[in-house]
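Presented below is the structure to which this report refers.
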Amino acid sequence: MVKAAVISERPDACPPSRRVAGSFAASRSSPLLSPPLPAETRGAEREARTMFRRKLTALDYHNPAGFNCKDETEFRNFIVWLEDQKIRHYKIEDRGNLRNIHSSDWPKFFEKYLTDVSCPFKIQDRQEAIDWLLGLAVRLEYGDNAEKYKDSVSDNTKNADNAAKNAEPLINLDVNNPDFKAGVMALANLLQIQRHDDYLVMLKAIRILVQERLTQDAVAKANQAKEGLPVALDKHILGFDTGDAVLNEAAQILRLLHIEELRELQTKINEAIVAVQAIIADPKTDHRLGKVGR
């Protein structure tokens, strides 16, 4: 009997159904065999960590890259740090409940804290509440050190400002300076540009004229002799008679010049039509909008 009892307590003496159930339970409880998180959840967590990291870095948090809001102890310590160092909504003597991170009532105190700082999120929305609190802390941090950050401008903003100044060199001129007005008026008279009440407008007109007519390329192009074909005026019928041979010849010349201008206009119209046809022939389809077009 003793031997039977000893045998009955061996693990392999258990019924097969128990062994299967036990192994199934072990597989369910093992973290190595737990099902992976959905891709959407993993992506949301990565995005939240990236979003937190930027704000945590701005607030000089000690571990912005490794902050894990899923860790309860780390999360509670973070809330205490945020209130003590950045937000400071409570008086020092009123922060005891929030600092007692090992209390079972801490979630209740944290929920009250969210209400007191007018956070629109509840304790269940942990990531959203953290992001809102970080935004509040950043805003308060800037308000406390406004003079410090007033002159802090990013390199991209500086480059954009410099590019804008280079693109519009007339922006920094003092248009009310008498010397400036006299110089613009002298240039306008020299180039025979119509006067305008705004001297800056006249200066822009001068710049356009110089760029189009007086640059080296424009002057070289203007000095090039235009080659053309000789035209026999007697072969072109005018269609009317002025009674004067000289006037008839001048009218024929004007008509030929007008025809040439019409040809240039037709060429530009054809180029515009070709450009429009290229767009229509190769449309871009946007399935989200449910329509075809650029």
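Going by the structure tokens order, chains are called A, B, ..., each with residues numbered from 1, while ligands are numbered from 1 in the order shown.
Excluding Tyr199 in chain A itself and same-chain residues fewer than 6 positions from it, the residues having an atom within 8 Å of it are A:Val175, A:Lys181, A:Val184, A:Met185, counting only C-alpha atoms.
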Limited to C-alpha atoms, could you put the picked residues into a file as an mmCIF file, in the first residue's frame?
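The resulting file, result09.cif, is reproduced below:
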```cif
data_model
loop_
_atom_site.group_PDB
_atom_site.id
_atom_site.type_symbol
_atom_site.label_atom_id
_atom_site.label_comp_id
_atom_site.auth_asym_id
_atom_site.auth_seq_id
_atom_site.Cartn_x
_atom_site.Cartn_y
_atom_site.Cartn_z
ATOM 1 C CA VAL A 175 11.325 104.739 -48.911
ATOM 2 C CA LYS A 181 13.394 109.550 -53.650
ATOM 3 C CA VAL A 184 14.630 106.930 -58.014
ATOM 4 C CA MET A 185 13.249 110.009 -59.764
#
```
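What separates CA of Leu214 in chain A from CA of Val201 in chain A is a distance of 18.9 Å.
Between CA of Asp198 in chain A and CA of Gln211 in chain A the separation is 20.4 Å.
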Contact residues around Ala232 in chain A with only C-alpha atoms at 12 Å, ignoring same-chain residues under 6 positions, as a ChimeraX atom specification: /A:249,252-253,256
